[in-house]
Amino acid sequence: MTARLLEDGAPLAVETHDARIGAGPWARWLASAAVPDESTQRAERGRRLAQAGAVSRVIVSEGSIAARVTGTTGNEYEVSLAADTVPPSAWQAAVRAARGHGGLERAVAGEAQSVHLAHLLETRVGAHLAPTAREIRRSCTCPDDEPRGACKHVAALAFAVADAVDRDPSLFLLWRGCPPADPVPADPWRAGALPAPRQTRALPTGAVLRRLGRSGIRAGGVDLADALGRAYDAFAATRAGPA
Ligand SMILES: [Zn+2]
């Protein structure tokens, strides 16, 4: 997997103008884990920053989301959200278990946000698809000393990326270290259309006898192959002749 620079580094446009940013479960988990209390003044300022396009140069990679957030006074801050990733063996087990289950297959391909995939990881291999608020490491270069590191710039980044996850769920998988599985192949047991039958062509008279060669069986003083050859020629002449 490679790091992805979103929008070529341009500010992320947040399309949601609701009080709550992040509609799907993965987007919600990202926002609520990064911003433990979404009802604070800081969270509200972060929401407004995200909606104002203050979050740019967003790089999503395994275990990390980093960006530049421009504050209301024009100062620029380097912000990141880090969390330990899902173990590769756990993810591979989930991808295998998802085979044949349409909704889960779309989820492991990063095409849809799924609560069931998180449940599958939890119950099968004891891994967490989403980190908890405590498991997230927040970092910002601003002087705010919010005890958990959840300053308004961190909130802005979380909301902006949550909104992006609603458009492209694979961003969440990338952050969690879960390489999206290849899109679901067609059912290998279902054959495609049959090829058109080849044109059949009558063999020339005696072709089989010529291919087989001499039989070694004598009939009427000649080899059986020669006797049959003469017989076939006679039959063919009869059928081809005038009725
Ligand atoms: Zn900050």
# chains A, B, ... in the order shown; residues from 1 in each chain; ligands from 1
>>> select_by_dssp(residues="chain A", states="strand (DSSP E or B)", output="ChimeraX atom specification")
/A:4-5,55-61,64-70,76-82,137-140,218-219,222-223
>>> write_last_selection(atoms="C-alpha atoms", output="compact mmCIF listing (two decimals), in the first residue's frame")
# COMPACT_ATOMS: atom_id res chain seq x y z
CA ARG A 4 -2.32 8.84 -0.74
CA LEU A 5 -2.21 12.61 -1.06
CA VAL A 55 -7.58 21.32 5.81
CA SER A 56 -5.08 20.77 3.02
CA ARG A 57 -2.13 18.55 2.08
CA VAL A 58 -3.93 15.54 3.56
CA ILE A 59 -1.82 12.38 3.37
CA VAL A 60 -3.47 9.10 4.36
CA SER A 61 -1.12 6.16 4.93
CA SER A 64 -1.44 7.80 9.94
CA ILE A 65 -3.47 10.72 8.65
CA ALA A 66 -1.44 13.92 8.38
CA ALA A 67 -2.36 17.36 7.07
CA ARG A 68 -1.86 21.08 7.25
CA VAL A 69 -4.64 23.03 8.93
CA THR A 70 -4.86 26.80 8.52
CA GLU A 76 -0.59 26.96 9.62
CA TYR A 77 -0.30 23.88 11.81
CA GLU A 78 0.91 20.37 11.13
CA VAL A 79 -1.69 17.92 12.41
CA SER A 80 -1.84 14.15 12.54
CA LEU A 81 -3.98 11.28 13.76
CA ALA A 82 -2.11 8.04 14.35
CA ARG A 137 -2.52 9.58 19.06
CA ARG A 138 -3.38 13.21 18.24
CA SER A 139 -0.73 15.70 17.35
CA CYS A 140 -0.80 19.38 16.42
CA ARG A 218 -7.72 -60.82 -45.80
CA ALA A 219 -11.21 -60.77 -47.33
CA VAL A 222 -7.48 -58.64 -50.70
CA ASP A 223 -6.80 -56.67 -47.51
>>> closest_atom_pairs(of="region 140-242 of chain A", to="region 92-108 of chain A", cutoff="9 Å", atoms="only C-alpha atoms", output="Markdown table")
| residue | atom | partner | partner_atom | distance |
| --- | --- | --- | --- | --- |
| A:Pro169 | CA | A:Ala107 | CA | 8.3 |
| A:Ser170 | CA | A:Ala107 | CA | 8.6 |
| A:Leu173 | CA | A:Val108 | CA | 8.2 |
| A:Cys178 | CA | A:Val108 | CA | 8.3 |
| A:Pro179 | CA | A:Val108 | CA | 8.3 |
| A:Pro180 | CA | A:Val108 | CA | 5.6 |
| A:Ala181 | CA | A:Val108 | CA | 5.6 |
| A:Asp182 | CA | A:Val108 | CA | 8.4 |
| A:Pro183 | CA | A:Arg106 | CA | 7.4 |
| A:Val184 | CA | A:Glu105 | CA | 6.5 |
>>> closest_atom_pairs(of="chain A", to="ligand 1", cutoff="8 Å", atoms="only C-alpha atoms and all ligand atoms", output="CSV")
residue,atom,partner,partner_atom_place_in_ligand_line,distance
A:Tyr77,CA,ligand 1,1 (Zn),6.6
A:Val79,CA,ligand 1,1 (Zn),7.0
A:Ser139,CA,ligand 1,1 (Zn),7.6
A:Cys140,CA,ligand 1,1 (Zn),4.6
A:Thr141,CA,ligand 1,1 (Zn),6.0
A:Cys142,CA,ligand 1,1 (Zn),4.3
A:Pro143,CA,ligand 1,1 (Zn),6.9
A:Asp144,CA,ligand 1,1 (Zn),6.0
A:Gly149,CA,ligand 1,1 (Zn),7.8
A:Ala150,CA,ligand 1,1 (Zn),7.6
A:Cys151,CA,ligand 1,1 (Zn),4.6
A:Lys152,CA,ligand 1,1 (Zn),5.7
A:His153,CA,ligand 1,1 (Zn),4.3
A:Val154,CA,ligand 1,1 (Zn),5.9
>>> write_last_selection(atoms="N, CA and C atoms", output="short mmCIF file (atom, residue, chain, number, x, y, z; two decimals), in the first residue's frame")
data_model
loop_
_atom_site.label_atom_id
_atom_site.label_comp_id
_atom_site.auth_asym_id
_atom_site.auth_seq_id
_atom_site.Cartn_x
_atom_site.Cartn_y
_atom_site.Cartn_z
N TYR A 77 -0.72 24.89 10.84
CA TYR A 77 -0.30 23.88 11.81
C TYR A 77 -0.20 22.52 11.15
N VAL A 79 -0.77 18.71 11.58
CA VAL A 79 -1.69 17.92 12.41
C VAL A 79 -1.65 16.46 11.98
N SER A 139 -1.88 14.81 17.30
CA SER A 139 -0.73 15.70 17.35
C SER A 139 -1.01 16.95 16.55
N CYS A 140 -0.63 18.11 17.12
CA CYS A 140 -0.80 19.38 16.42
C CYS A 140 0.30 20.31 16.91
N THR A 141 0.78 21.18 16.02
CA THR A 141 1.87 22.08 16.39
C THR A 141 1.37 23.39 17.02
N CYS A 142 0.04 23.48 17.27
CA CYS A 142 -0.49 24.70 17.90
C CYS A 142 -0.24 24.66 19.41
N PRO A 143 -0.37 25.80 20.09
CA PRO A 143 -0.07 25.83 21.54
C PRO A 143 -1.21 25.35 22.44
N ASP A 144 -2.34 24.96 21.89
CA ASP A 144 -3.47 24.50 22.71
C ASP A 144 -3.03 23.30 23.57
N GLY A 149 -5.21 16.26 23.54
CA GLY A 149 -4.65 16.67 22.25
C GLY A 149 -5.70 16.96 21.21
N ALA A 150 -6.98 17.01 21.66
CA ALA A 150 -8.07 17.22 20.70
C ALA A 150 -8.33 18.70 20.51
N CYS A 151 -7.37 19.42 19.93
CA CYS A 151 -7.56 20.84 19.63
C CYS A 151 -8.49 20.98 18.42
N LYS A 152 -8.83 22.22 18.08
CA LYS A 152 -9.78 22.42 16.97
C LYS A 152 -9.18 22.00 15.63
N HIS A 153 -7.84 22.03 15.52
CA HIS A 153 -7.21 21.63 14.25
C HIS A 153 -7.28 20.12 14.07
N VAL A 154 -7.08 19.40 15.17
CA VAL A 154 -7.24 17.94 15.13
C VAL A 154 -8.69 17.60 14.76
#
>>> closest_residue(among="A:Leu6, A:Ala158, A:Ala52, A:Leu129", to="Asp84 (chain A)", atoms="only C-alpha atoms")
A:Leu129
>>> closest_residue(among="A:Pro197, A:Gly229, A:Pro131, A:Pro36", to="Ala118 (chain A)", atoms="only C-alpha atoms")
A:Pro131
>>> closest_residue(among="A:Ala196, A:Gly63, A:Leu117, A:Leu49", to="Pro25 (chain A)", atoms="only C-alpha atoms")
A:Leu117
>>> select_by_dssp(residues="region 2-243 of chain A", states="helix (DSSP H, G or I)", output="count of residues only")
102
>>> atom_distance(atom1="CA of Leu121 (chain A)", atom2="CA of Arg134 (chain A)")
19.5 Å
>>> residues_around(residues="Gly46 (chain A)", least_positions_apart="2", cutoff="7 Å", atoms="only C-alpha atoms", output="list in words")
Arg42, Ala43, Glu44, Arg48, Leu49, Ala50, Lys152, His153, Ala155 and Ala156 of chain A
>>> write_last_selection(atoms="N, CA and C atoms", output="compact mmCIF listing (two decimals), in the first residue's frame")
# COMPACT_ATOMS: atom_id res chain seq x y z
N ARG A 42 -14.42 23.50 21.05
CA ARG A 42 -13.29 23.15 20.17
C ARG A 42 -13.77 22.33 18.97
N ALA A 43 -14.64 21.35 19.27
CA ALA A 43 -15.16 20.50 18.19
C ALA A 43 -15.94 21.34 17.18
N GLU A 44 -16.73 22.29 17.68
CA GLU A 44 -17.54 23.14 16.79
C GLU A 44 -16.63 24.02 15.93
N ARG A 48 -16.21 23.99 11.80
CA ARG A 48 -16.29 25.18 10.93
C ARG A 48 -15.01 25.32 10.09
N LEU A 49 -13.88 25.00 10.70
CA LEU A 49 -12.62 25.04 9.93
C LEU A 49 -12.69 24.05 8.76
N ALA A 50 -13.16 22.83 9.05
CA ALA A 50 -13.25 21.81 8.00
C ALA A 50 -14.18 22.29 6.88
N LYS A 152 -8.83 22.22 18.08
CA LYS A 152 -9.78 22.42 16.97
C LYS A 152 -9.18 22.00 15.63
N HIS A 153 -7.84 22.03 15.52
CA HIS A 153 -7.21 21.63 14.25
C HIS A 153 -7.28 20.12 14.07
N ALA A 155 -9.63 18.32 15.36
CA ALA A 155 -11.05 18.08 15.05
C ALA A 155 -11.32 18.39 13.58
N ALA A 156 -10.75 19.48 13.08
CA ALA A 156 -10.97 19.85 11.67
C ALA A 156 -10.47 18.75 10.75
